[in-house]
$ cat data_34.json   # JSON, C-alpha atoms
[["chain", "number", "residue", "atom", "x", "y", "z"],
["A", 98, "MET", "CA", -35.75, 74.84, -17.84],
["A", 99, "SER", "CA", -37.61, 76.20, -14.83],
["A", 100, "GLN", "CA", -41.37, 76.60, -15.06],
["A", 101, "PHE", "CA", -41.22, 79.58, -12.66],
["A", 102, "LYS", "CA", -40.37, 83.19, -13.56],
["A", 103, "SER", "CA", -38.43, 83.76, -10.33],
["A", 104, "ASP", "CA", -37.23, 81.96, -7.21],
["A", 105, "VAL", "CA", -39.80, 83.89, -5.16],
["A", 106, "GLU", "CA", -42.58, 82.46, -7.32],
["A", 107, "ALA", "CA", -41.02, 79.00, -6.97],
["A", 108, "VAL", "CA", -40.99, 79.23, -3.14],
["A", 109, "ASP", "CA", -44.67, 80.25, -3.21],
["A", 110, "ALA", "CA", -45.40, 77.24, -5.44],
["A", 111, "LEU", "CA", -43.49, 74.96, -3.03],
["A", 112, "ALA", "CA", -45.52, 76.24, -0.07],
["A", 113, "GLN", "CA", -48.74, 75.58, -2.02],
["A", 114, "ALA", "CA", -47.53, 72.10, -3.10],
["A", 115, "TYR", "CA", -46.84, 71.27, 0.56],
["A", 116, "LYS", "CA", -50.41, 72.27, 1.50],
["A", 117, "ASP", "CA", -51.84, 70.15, -1.33],
["A", 118, "LEU", "CA", -49.64, 67.18, -0.36],
["A", 119, "SER", "CA", -50.66, 67.38, 3.32],
["A", 120, "GLN", "CA", -54.31, 67.54, 2.33],
["A", 121, "GLU", "CA", -54.13, 64.49, 0.05],
["A", 122, "ILE", "CA", -52.06, 62.43, 2.54],
["A", 123, "GLY", "CA", -54.53, 63.44, 5.29],
["A", 124, "LYS", "CA", -57.28, 61.53, 3.45],
["A", 125, "ILE", "CA", -55.52, 58.29, 4.47],
["A", 126, "ILE", "CA", -53.16, 59.19, 7.34],
["A", 127, "VAL", "CA", -54.92, 60.65, 10.37],
["A", 128, "GLY", "CA", -53.25, 62.93, 12.93],
["A", 129, "GLN", "CA", -49.58, 62.36, 12.06],
["A", 130, "ASP", "CA", -49.07, 65.94, 10.81],
["A", 131, "ASP", "CA", -45.58, 66.38, 12.30],
["A", 132, "VAL", "CA", -44.41, 63.08, 10.83],
["A", 133, "VAL", "CA", -45.80, 63.90, 7.37],
["A", 134, "ARG", "CA", -44.16, 67.35, 7.49],
["A", 135, "ALA", "CA", -40.77, 65.84, 8.48],
["A", 136, "VAL", "CA", -40.90, 63.25, 5.67],
["A", 137, "ILE", "CA", -41.80, 65.89, 3.07],
["A", 138, "ILE", "CA", -39.01, 68.22, 4.30],
["A", 139, "SER", "CA", -36.42, 65.45, 3.99],
["A", 140, "LEU", "CA", -37.72, 64.56, 0.51],
["A", 141, "PHE", "CA", -37.43, 68.17, -0.75],
["A", 142, "SER", "CA", -34.00, 68.43, 0.92],
["A", 143, "ASN", "CA", -32.88, 65.29, -0.96],
["A", 144, "GLY", "CA", -32.22, 63.41, 2.30],
["A", 145, "HIS", "CA", -33.30, 60.03, 3.66],
["A", 146, "SER", "CA", -35.41, 59.40, 6.75],
["A", 147, "LEU", "CA", -35.67, 56.78, 9.47],
["A", 148, "LEU", "CA", -39.12, 56.24, 11.02],
["A", 149, "VAL", "CA", -38.96, 54.75, 14.50],
["A", 150, "GLY", "CA", -41.98, 53.38, 16.33],
["A", 151, "VAL", "CA", -43.66, 50.26, 17.66],
["A", 152, "PRO", "CA", -45.54, 48.01, 15.19],
["A", 153, "GLY", "CA", -48.99, 49.03, 13.98],
["A", 154, "LEU", "CA", -48.52, 52.81, 13.77],
["A", 155, "ALA", "CA", -49.05, 52.88, 9.95],
["A", 156, "LYS", "CA", -45.39, 53.53, 9.08],
["A", 157, "THR", "CA", -45.65, 51.44, 5.88],
["A", 158, "LEU", "CA", -49.03, 52.92, 4.93],
["A", 159, "LEU", "CA", -47.63, 56.43, 5.35],
["A", 160, "VAL", "CA", -44.75, 55.78, 2.94],
["A", 161, "SER", "CA", -46.89, 54.10, 0.27],
["A", 162, "THR", "CA", -49.45, 56.94, 0.52],
["A", 163, "ILE", "CA", -46.72, 59.58, 0.06],
["A", 164, "SER", "CA", -45.30, 57.79, -3.01],
["A", 165, "GLU", "CA", -48.79, 57.55, -4.54],
["A", 166, "VAL", "CA", -49.51, 61.25, -4.01],
["A", 167, "LEU", "CA", -46.10, 62.09, -5.52],
["A", 168, "ASP", "CA", -46.55, 59.95, -8.65],
["A", 169, "LEU", "CA", -43.22, 58.20, -8.05],
["A", 170, "GLU", "CA", -42.13, 54.59, -8.45],
["A", 171, "PHE", "CA", -42.28, 52.86, -5.08],
["A", 172, "LYS", "CA", -40.67, 49.60, -3.94],
["A", 173, "ARG", "CA", -40.85, 47.96, -0.55],
["A", 174, "ILE", "CA", -38.08, 45.71, 0.80],
["A", 175, "GLN", "CA", -38.98, 43.65, 3.84],
["A", 176, "PHE", "CA", -35.73, 43.24, 5.78],
["A", 177, "THR", "CA", -35.32, 39.79, 7.35],
["A", 178, "PRO", "CA", -32.35, 37.99, 8.95],
["A", 179, "ASP", "CA", -31.75, 35.90, 5.79],
["A", 180, "LEU", "CA", -31.87, 38.81, 3.29],
["A", 181, "MET", "CA", -28.74, 39.01, 1.12],
["A", 182, "PRO", "CA", -27.13, 42.19, -0.33],
["A", 183, "SER", "CA", -28.01, 41.03, -3.87],
["A", 184, "ASP", "CA", -31.68, 40.86, -2.84],
["A", 185, "ILE", "CA", -31.49, 44.67, -2.53],
["A", 186, "THR", "CA", -29.11, 45.76, -5.29],
["A", 187, "GLY", "CA", -29.80, 43.06, -7.88],
["A", 188, "SER", "CA", -27.39, 40.54, -9.41],
["A", 189, "GLU", "CA", -25.85, 39.40, -12.68],
["A", 190, "ILE", "CA", -27.45, 36.41, -14.35],
["A", 191, "LEU", "CA", -26.38, 34.32, -17.35],
["A", 192, "ASP", "CA", -28.99, 34.74, -20.09],
["A", 193, "GLU", "CA", -29.81, 32.22, -22.87],
["A", 194, "ASP", "CA", -27.10, 33.73, -25.14],
["A", 195, "ARG", "CA", -24.49, 32.96, -22.45],
["A", 196, "HIS", "CA", -23.99, 36.69, -21.68],
["A", 197, "PHE", "CA", -24.09, 38.19, -18.22],
["A", 198, "ARG", "CA", -27.04, 40.51, -17.76],
["A", 199, "PHE", "CA", -27.70, 42.71, -14.75],
["A", 200, "LEU", "CA", -31.07, 42.07, -13.15],
["A", 201, "ARG", "CA", -32.08, 45.18, -11.18],
["A", 202, "GLY", "CA", -33.03, 44.81, -7.54],
["A", 203, "PRO", "CA", -35.82, 46.64, -5.71],
["A", 204, "VAL", "CA", -33.47, 49.52, -4.78],
["A", 205, "PHE", "CA", -34.03, 50.86, -8.33],
["A", 206, "ALA", "CA", -37.06, 53.01, -7.53],
["A", 207, "ASN", "CA", -37.73, 56.64, -6.61],
["A", 208, "ILE", "CA", -38.94, 55.83, -3.10],
["A", 209, "VAL", "CA", -37.58, 52.73, -1.38],
["A", 210, "LEU", "CA", -39.19, 51.59, 1.83],
["A", 211, "ALA", "CA", -36.65, 49.62, 3.88],
["A", 212, "ASP", "CA", -39.11, 47.96, 6.22],
["A", 213, "GLU", "CA", -37.74, 46.95, 9.64],
["A", 214, "ILE", "CA", -34.17, 47.72, 8.59],
["A", 215, "ASN", "CA", -32.79, 46.58, 11.97],
["A", 216, "ARG", "CA", -33.97, 42.99, 11.39],
["A", 217, "THR", "CA", -31.19, 42.26, 8.90],
["A", 218, "PRO", "CA", -27.45, 41.65, 9.57],
["A", 219, "PRO", "CA", -24.89, 44.45, 9.05],
["A", 220, "LYS", "CA", -23.63, 43.07, 5.71],
["A", 221, "THR", "CA", -27.05, 43.57, 4.15],
["A", 222, "GLN", "CA", -27.63, 46.91, 5.88],
["A", 223, "ALA", "CA", -24.36, 48.05, 4.29],
["A", 224, "ALA", "CA", -25.66, 47.23, 0.79],
["A", 225, "LEU", "CA", -28.06, 50.09, 1.21],
["A", 226, "LEU", "CA", -25.24, 52.45, 2.34],
["A", 227, "GLU", "CA", -23.60, 53.00, -1.04],
["A", 228, "ALA", "CA", -26.99, 53.49, -2.69],
["A", 229, "MET", "CA", -28.01, 56.10, -0.10],
["A", 230, "GLN", "CA", -24.75, 58.01, -0.20],
["A", 231, "GLU", "CA", -23.53, 57.73, -3.80],
["A", 232, "ARG", "CA", -26.92, 57.10, -5.48],
["A", 233, "VAL", "CA", -25.27, 54.33, -7.51],
["A", 234, "VAL", "CA", -25.06, 50.56, -7.17],
["A", 235, "THR", "CA", -21.87, 48.64, -8.03],
["A", 236, "VAL", "CA", -22.33, 45.01, -9.07],
["A", 237, "GLY", "CA", -19.64, 42.91, -10.77],
["A", 238, "GLY", "CA", -17.41, 45.97, -11.17],
["A", 239, "SER", "CA", -20.07, 47.96, -13.08],
["A", 240, "ARG", "CA", -21.76, 51.07, -11.70],
["A", 241, "HIS", "CA", -25.48, 51.50, -12.22],
["A", 242, "ASN", "CA", -27.11, 54.87, -11.56],
["A", 243, "LEU", "CA", -30.23, 54.97, -9.44],
["A", 244, "PRO", "CA", -33.26, 56.93, -10.66],
["A", 245, "ALA", "CA", -33.72, 60.55, -9.54],
["A", 246, "PRO", "CA", -35.18, 61.58, -7.21],
["A", 247, "PHE", "CA", -34.03, 58.74, -4.96],
["A", 248, "PHE", "CA", -35.28, 58.59, -1.42],
["A", 249, "VAL", "CA", -34.89, 55.87, 1.23],
["A", 250, "LEU", "CA", -37.43, 55.71, 4.01],
["A", 251, "ALA", "CA", -36.45, 53.09, 6.55],
["A", 252, "THR", "CA", -38.67, 51.91, 9.38],
["A", 253, "GLN", "CA", -37.33, 50.52, 12.61],
["A", 254, "ASN", "CA", -39.02, 48.99, 15.62],
["A", 255, "PRO", "CA", -37.41, 49.98, 18.93],
["A", 256, "ILE", "CA", -34.05, 48.24, 19.38],
["A", 257, "GLU", "CA", -35.05, 46.51, 22.62],
["A", 258, "GLN", "CA", -36.99, 43.86, 20.73],
["A", 259, "GLU", "CA", -35.65, 40.36, 20.07],
["A", 260, "GLY", "CA", -33.83, 39.48, 16.86],
["A", 261, "THR", "CA", -32.64, 42.96, 15.91],
["A", 262, "TYR", "CA", -29.26, 44.27, 14.77],
["A", 263, "PRO", "CA", -28.80, 47.91, 15.89],
["A", 264, "LEU", "CA", -27.78, 50.19, 13.04],
["A", 265, "PRO", "CA", -24.15, 51.32, 13.31],
["A", 266, "GLU", "CA", -23.51, 55.05, 13.90],
["A", 267, "ALA", "CA", -22.04, 55.47, 10.40],
["A", 268, "GLN", "CA", -25.23, 54.20, 8.85],
["A", 269, "LEU", "CA", -27.49, 56.24, 11.15],
["A", 270, "ASP", "CA", -25.54, 59.35, 10.08],
["A", 271, "ARG", "CA", -26.67, 58.75, 6.48],
["A", 272, "PHE", "CA", -30.24, 59.53, 7.48],
["A", 273, "MET", "CA", -31.13, 63.20, 7.45],
["A", 274, "PHE", "CA", -33.96, 62.78, 9.97],
["A", 275, "ASN", "CA", -34.82, 60.28, 12.69],
["A", 276, "ILE", "CA", -38.60, 60.63, 12.98],
["A", 277, "PRO", "CA", -40.31, 59.23, 16.08],
["A", 278, "LEU", "CA", -43.86, 57.89, 15.74],
["A", 279, "THR", "CA", -46.01, 57.83, 18.84],
["A", 280, "TYR", "CA", -49.42, 56.35, 19.58],
["A", 281, "PRO", "CA", -52.32, 58.40, 18.14],
["A", 282, "SER", "CA", -54.52, 60.46, 20.44],
["A", 283, "TYR", "CA", -57.83, 58.95, 21.56],
["A", 284, "GLU", "CA", -59.84, 61.09, 19.08],
["A", 285, "HIS", "CA", -57.51, 60.25, 16.16],
["A", 286, "GLU", "CA", -57.61, 56.54, 16.98],
["A", 287, "VAL", "CA", -61.42, 56.58, 16.96],
["A", 288, "GLU", "CA", -61.25, 58.21, 13.50],
["A", 289, "VAL", "CA", -58.70, 55.65, 12.26],
["A", 290, "VAL", "CA", -60.85, 52.72, 13.41],
["A", 291, "LYS", "CA", -63.94, 54.30, 11.85],
["A", 292, "ASN", "CA", -62.15, 54.79, 8.50],
["A", 293, "THR", "CA", -60.46, 51.40, 8.33],
["A", 294, "THR", "CA", -63.27, 49.08, 9.37],
["A", 295, "THR", "CA", -65.80, 50.14, 6.73],
["A", 296, "SER", "CA", -65.88, 49.80, 2.93],
["A", 297, "ARG", "CA", -64.70, 53.41, 2.46],
["A", 298, "ASN", "CA", -62.65, 53.81, -0.71],
["A", 299, "VAL", "CA", -60.35, 56.80, -1.13],
["A", 300, "THR", "CA", -58.81, 57.87, -4.43],
["A", 301, "LEU", "CA", -55.67, 59.97, -4.17],
["A", 302, "LYS", "CA", -54.69, 62.69, -6.65],
["A", 303, "HIS", "CA", -51.12, 63.01, -7.92],
["A", 304, "VAL", "CA", -49.77, 66.34, -6.64],
["A", 305, "LEU", "CA", -46.17, 66.37, -7.94],
["A", 306, "ASN", "CA", -44.12, 64.36, -10.43],
["A", 307, "ALA", "CA", -40.41, 63.45, -10.42],
["A", 308, "ALA", "CA", -39.31, 66.47, -12.51],
["A", 309, "GLU", "CA", -41.15, 68.95, -10.26],
["A", 310, "ILE", "CA", -39.65, 67.38, -7.13],
["A", 311, "GLN", "CA", -36.14, 67.68, -8.56],
["A", 312, "GLU", "CA", -36.78, 71.34, -9.38],
["A", 313, "PHE", "CA", -37.91, 71.98, -5.80],
["A", 314, "GLN", "CA", -34.83, 70.12, -4.48],
["A", 315, "GLN", "CA", -32.60, 72.49, -6.48],
["A", 316, "LEU", "CA", -34.64, 75.47, -5.26],
["A", 317, "ILE", "CA", -34.00, 74.56, -1.59],
["A", 318, "ARG", "CA", -30.23, 74.67, -2.30],
["A", 319, "LYS", "CA", -30.60, 78.21, -3.73],
["A", 320, "ILE", "CA", -32.44, 79.67, -0.72],
["A", 321, "PRO", "CA", -30.15, 82.19, 1.02],
["A", 322, "VAL", "CA", -29.26, 81.75, 4.71],
["A", 323, "ALA", "CA", -28.10, 84.59, 6.96],
["A", 324, "ASP", "CA", -24.64, 84.11, 8.54],
["A", 325, "ASN", "CA", -26.06, 84.18, 12.07],
["A", 326, "VAL", "CA", -28.38, 81.27, 11.22],
["A", 327, "LEU", "CA", -25.53, 79.24, 9.70],
["A", 328, "GLU", "CA", -23.38, 79.97, 12.74],
["A", 329, "TYR", "CA", -26.25, 78.84, 14.99],
["A", 330, "CYS", "CA", -26.43, 75.50, 13.08],
["A", 331, "VAL", "CA", -22.70, 74.87, 13.43],
["A", 332, "GLY", "CA", -22.70, 76.10, 17.04],
["A", 333, "LEU", "CA", -25.54, 73.74, 17.95],
["A", 334, "ALA", "CA", -23.77, 70.73, 16.45],
["A", 335, "SER", "CA", -20.49, 71.77, 18.16],
["A", 336, "LYS", "CA", -22.21, 71.93, 21.56],
["A", 337, "THR", "CA", -22.97, 68.18, 21.37],
["A", 338, "ARG", "CA", -19.30, 67.14, 21.12],
["A", 339, "PRO", "CA", -18.03, 66.22, 24.59],
["A", 340, "ASN", "CA", -14.56, 67.38, 25.71],
["A", 341, "THR", "CA", -14.13, 69.87, 22.87],
["A", 342, "ALA", "CA", -13.70, 73.65, 23.13],
["A", 343, "ARG", "CA", -17.36, 74.45, 22.37],
["A", 344, "ALA", "CA", -18.95, 71.54, 24.24],
["A", 345, "ALA", "CA", -21.94, 72.31, 26.45],
["A", 346, "LYS", "CA", -21.86, 71.02, 30.04],
["A", 347, "GLU", "CA", -24.77, 68.64, 29.19],
["A", 348, "ALA", "CA", -22.60, 67.07, 26.49],
["A", 349, "ASN", "CA", -19.62, 66.64, 28.85],
["A", 350, "ASN", "CA", -21.87, 65.12, 31.52],
["A", 351, "TYR", "CA", -24.15, 62.89, 29.48],
["A", 352, "LEU", "CA", -22.68, 62.11, 26.05],
["A", 353, "THR", "CA", -19.89, 59.84, 24.84],
["A", 354, "TRP", "CA", -20.27, 60.98, 21.23],
["A", 355, "GLY", "CA", -21.57, 64.10, 19.51],
["A", 356, "ALA", "CA", -22.91, 65.06, 16.10],
["A", 357, "GLY", "CA", -20.53, 65.43, 13.15],
["A", 358, "PRO", "CA", -20.41, 68.08, 10.38],
["A", 359, "ARG", "CA", -23.21, 66.33, 8.50],
["A", 360, "ALA", "CA", -25.55, 67.41, 11.31],
["A", 361, "SER", "CA", -24.66, 71.08, 10.67],
["A", 362, "GLN", "CA", -25.36, 70.63, 6.95],
["A", 363, "TYR", "CA", -28.73, 68.98, 7.56],
["A", 364, "LEU", "CA", -29.72, 71.60, 10.16],
["A", 365, "ALA", "CA", -29.15, 74.33, 7.55],
["A", 366, "LEU", "CA", -30.87, 72.41, 4.72],
["A", 367, "GLY", "CA", -33.81, 71.35, 6.89],
["A", 368, "ALA", "CA", -34.27, 74.92, 8.17],
["A", 369, "LYS", "CA", -34.31, 76.23, 4.57],
["A", 370, "CYS", "CA", -37.00, 73.74, 3.58],
["A", 371, "HIS", "CA", -39.03, 74.29, 6.77],
["A", 372, "ALA", "CA", -39.03, 78.02, 6.01],
["A", 373, "ALA", "CA", -39.98, 77.46, 2.34],
["A", 374, "ILE", "CA", -42.99, 75.22, 3.00],
["A", 375, "ARG", "CA", -44.31, 77.96, 5.28],
["A", 376, "GLY", "CA", -43.90, 80.55, 2.52],
["A", 377, "LYS", "CA", -40.79, 82.25, 3.98],
["A", 378, "TYR", "CA", -37.91, 83.16, 1.64],
["A", 379, "SER", "CA", -35.11, 82.65, 4.15],
["A", 380, "PRO", "CA", -34.85, 80.60, 7.35],
["A", 381, "ASP", "CA", -34.37, 82.02, 10.84],
["A", 382, "ILE", "CA", -33.16, 80.44, 14.08],
["A", 383, "GLU", "CA", -36.72, 79.29, 14.95],
["A", 384, "ASP", "CA", -36.72, 77.11, 11.81],
["A", 385, "VAL", "CA", -33.47, 75.48, 12.98],
["A", 386, "LYS", "CA", -34.91, 74.84, 16.45],
["A", 387, "THR", "CA", -38.04, 73.23, 14.99],
["A", 388, "ILE", "CA", -36.09, 70.54, 13.13],
["A", 389, "ALA", "CA", -33.11, 70.23, 15.53],
["A", 390, "ASN", "CA", -34.49, 67.20, 17.36],
["A", 391, "LEU", "CA", -35.06, 65.27, 14.10],
["A", 392, "VAL", "CA", -31.48, 65.94, 12.96],
["A", 393, "LEU", "CA", -29.63, 65.40, 16.26],
["A", 394, "ARG", "CA", -31.44, 62.62, 18.13],
["A", 395, "HIS", "CA", -29.73, 59.76, 16.23],
["A", 396, "ARG", "CA", -26.35, 61.49, 16.05],
["A", 397, "ILE", "CA", -25.60, 61.75, 19.76],
["A", 398, "VAL", "CA", -24.72, 58.78, 21.95],
["A", 399, "ARG", "CA", -25.60, 58.89, 25.65],
["A", 400, "ASN", "CA", -23.16, 57.62, 28.28],
["A", 401, "PHE", "CA", -23.89, 55.30, 31.20],
["A", 402, "LYS", "CA", -24.61, 58.20, 33.53],
["A", 403, "ALA", "CA", -27.37, 59.52, 31.24],
["A", 404, "GLU", "CA", -28.94, 56.06, 30.98],
["A", 405, "ALA", "CA", -28.72, 55.50, 34.74],
["A", 406, "GLU", "CA", -30.39, 58.87, 35.43],
["A", 407, "GLY", "CA", -33.05, 58.25, 32.78],
["A", 408, "ILE", "CA", -32.01, 61.25, 30.66],
["A", 409, "SER", "CA", -33.09, 60.84, 27.05],
["A", 410, "GLU", "CA", -31.57, 62.27, 23.85],
["A", 411, "GLU", "CA", -34.57, 64.62, 23.66],
["A", 412, "ASN", "CA", -33.86, 65.96, 27.17],
["A", 413, "ILE", "CA", -30.26, 66.70, 26.24],
["A", 414, "ILE", "CA", -31.22, 68.42, 22.94],
["A", 415, "GLU", "CA", -33.87, 70.45, 24.77],
["A", 416, "ALA", "CA", -31.21, 71.64, 27.24],
["A", 417, "LEU", "CA", -28.83, 72.57, 24.38],
["A", 418, "LEU", "CA", -31.56, 74.64, 22.67]]
$ encode --input "data_34.json" --output "structure tokens"
Amino acid sequence: MSQFKSDVEAVDALAQAYKDLSQEIGKIIVGQDDVVRAVIISLFSNGHSLLVGVPGLAKTLLVSTISEVLDLEFKRIQFTPDLMPSDITGSEILDEDRHFRFLRGPVFANIVLADEINRTPPKTQAALLEAMQERVVTVGGSRHNLPAPFFVLATQNPIEQEGTYPLPEAQLDRFMFNIPLTYPSYEHEVEVVKNTTTSRNVTLKHVLNAAEIQEFQQLIRKIPVADNVLEYCVGLASKTRPNTARAAKEANNYLTWGAGPRASQYLALGAKCHAAIRGKYSPDIEDVKTIANLVLRHRIVRNFKAEAEGISEENIIEALL
């Protein structure tokens, strides 16, 4: 049963909840406003996110802070080369009565932080796939439902480092957003150092609980989208597919692979949520453009020519927009 009289009232409440969330998270996380906004949008859109950045940019702190503010159960899995699939999903053990009993793994939480996901071999990465897509875990032929809401936030250090296993395209496609983290500005870094090298203690308030988040997730699905905005989403994804009828010349020149239909879906969903957190009742093309980079950057694959000429995914997306 909804706590709101109308969907309009619910959108207003979502916009206010976003402000409150940003304010609480800002007590701990300094100057990463775009990153926080992207993570919250993917959470309300019921999608997963991949945070990419060099070590020491507070990726882990960001995720634990968000889970605390949201009053959700949080588990962290540190991915290592020797991690086994059962270390994520859980396994069946023989109890004292000689019966098999399923022991739940750390994936049974509302927010799962997959820390340094590219440090573990593909077999273990794949264990997370079914959970992310189906929101169930199958062990010993039995299916176990994951709690709702269920949200995977994976962190990844840049691929060029030693001892990493690049995520396959199929797995990257499961993530709604690929969120880049950059170094903080000089002023923000001064503030971070000031806050973290003293005995300052911050208490965070709970802003939303699991039931409220699920209600907002359903609300995002109900937000109407004009046909021209939907067509823009599909048109943008189509432009990235080289050697197809709608391909842009940048795609033909610089890409070996383009974004699939899931990109179009996430562009529409992300635009709806981006509009809602700003208090708008329907998204426009500007909302799509704002989140396009987050949706497309891990779904297009550059060819040798693009790499040789130093043309990044961002450059190509910028040209397509």
$ atom_distance --input "data_34.json" --atom1 "atom CA of A:Tyr262" --atom2 "atom CA of A:Ala389"
26.3 Å
$ closest_atom_pairs --input "data_34.json" --of "stretch 283-352 of chain A" --to "stretch 133-143 of chain A" --cutoff "8 Å" --atoms "all atoms listed in the file" --output "tab-separated table"
residue	atom	partner	partner_atom	distance
A:Ile310	CA	A:Phe141	CA	6.8
A:Gln311	CA	A:Phe141	CA	7.9
A:Phe313	CA	A:Phe141	CA	6.3
A:Gln314	CA	A:Phe141	CA	4.9
A:Ile317	CA	A:Ser142	CA	6.6
A:Arg318	CA	A:Ser142	CA	8.0
$ residues_around --input "data_34.json" --residues "A:Ala114" --least-positions-apart "5" --cutoff "12 Å" --atoms "only C-alpha atoms" --output "list of chain:residue names"
A:Ala107, A:Val108, A:Asp109, A:Ser119, A:Gln120, A:Glu121, A:Ile137, A:Ile138, A:Phe141, A:Val166, A:Leu167, A:His303, A:Val304, A:Leu305, A:Asn306, A:Glu309, A:Ile310, A:Phe313, A:Ala373, A:Ile374, A:Arg375, A:Gly376
$ closest_residue --input "data_34.json" --among "A:Arg198, A:Trp354, A:Pro152, A:Pro182" --to "A:Pro255" --atoms "only C-alpha atoms"
A:Pro152
$ closest_residue --input "data_34.json" --among "A:Ala224, A:Leu352, A:Ala155, A:Arg359" --to "A:Glu286" --atoms "only C-alpha atoms"
A:Ala155
$ closest_residue --input "data_34.json" --among "A:Asp168, A:Asn350, A:Thr252, A:Asp384" --to "A:Glu406" --atoms "only C-alpha atoms"
A:Asn350
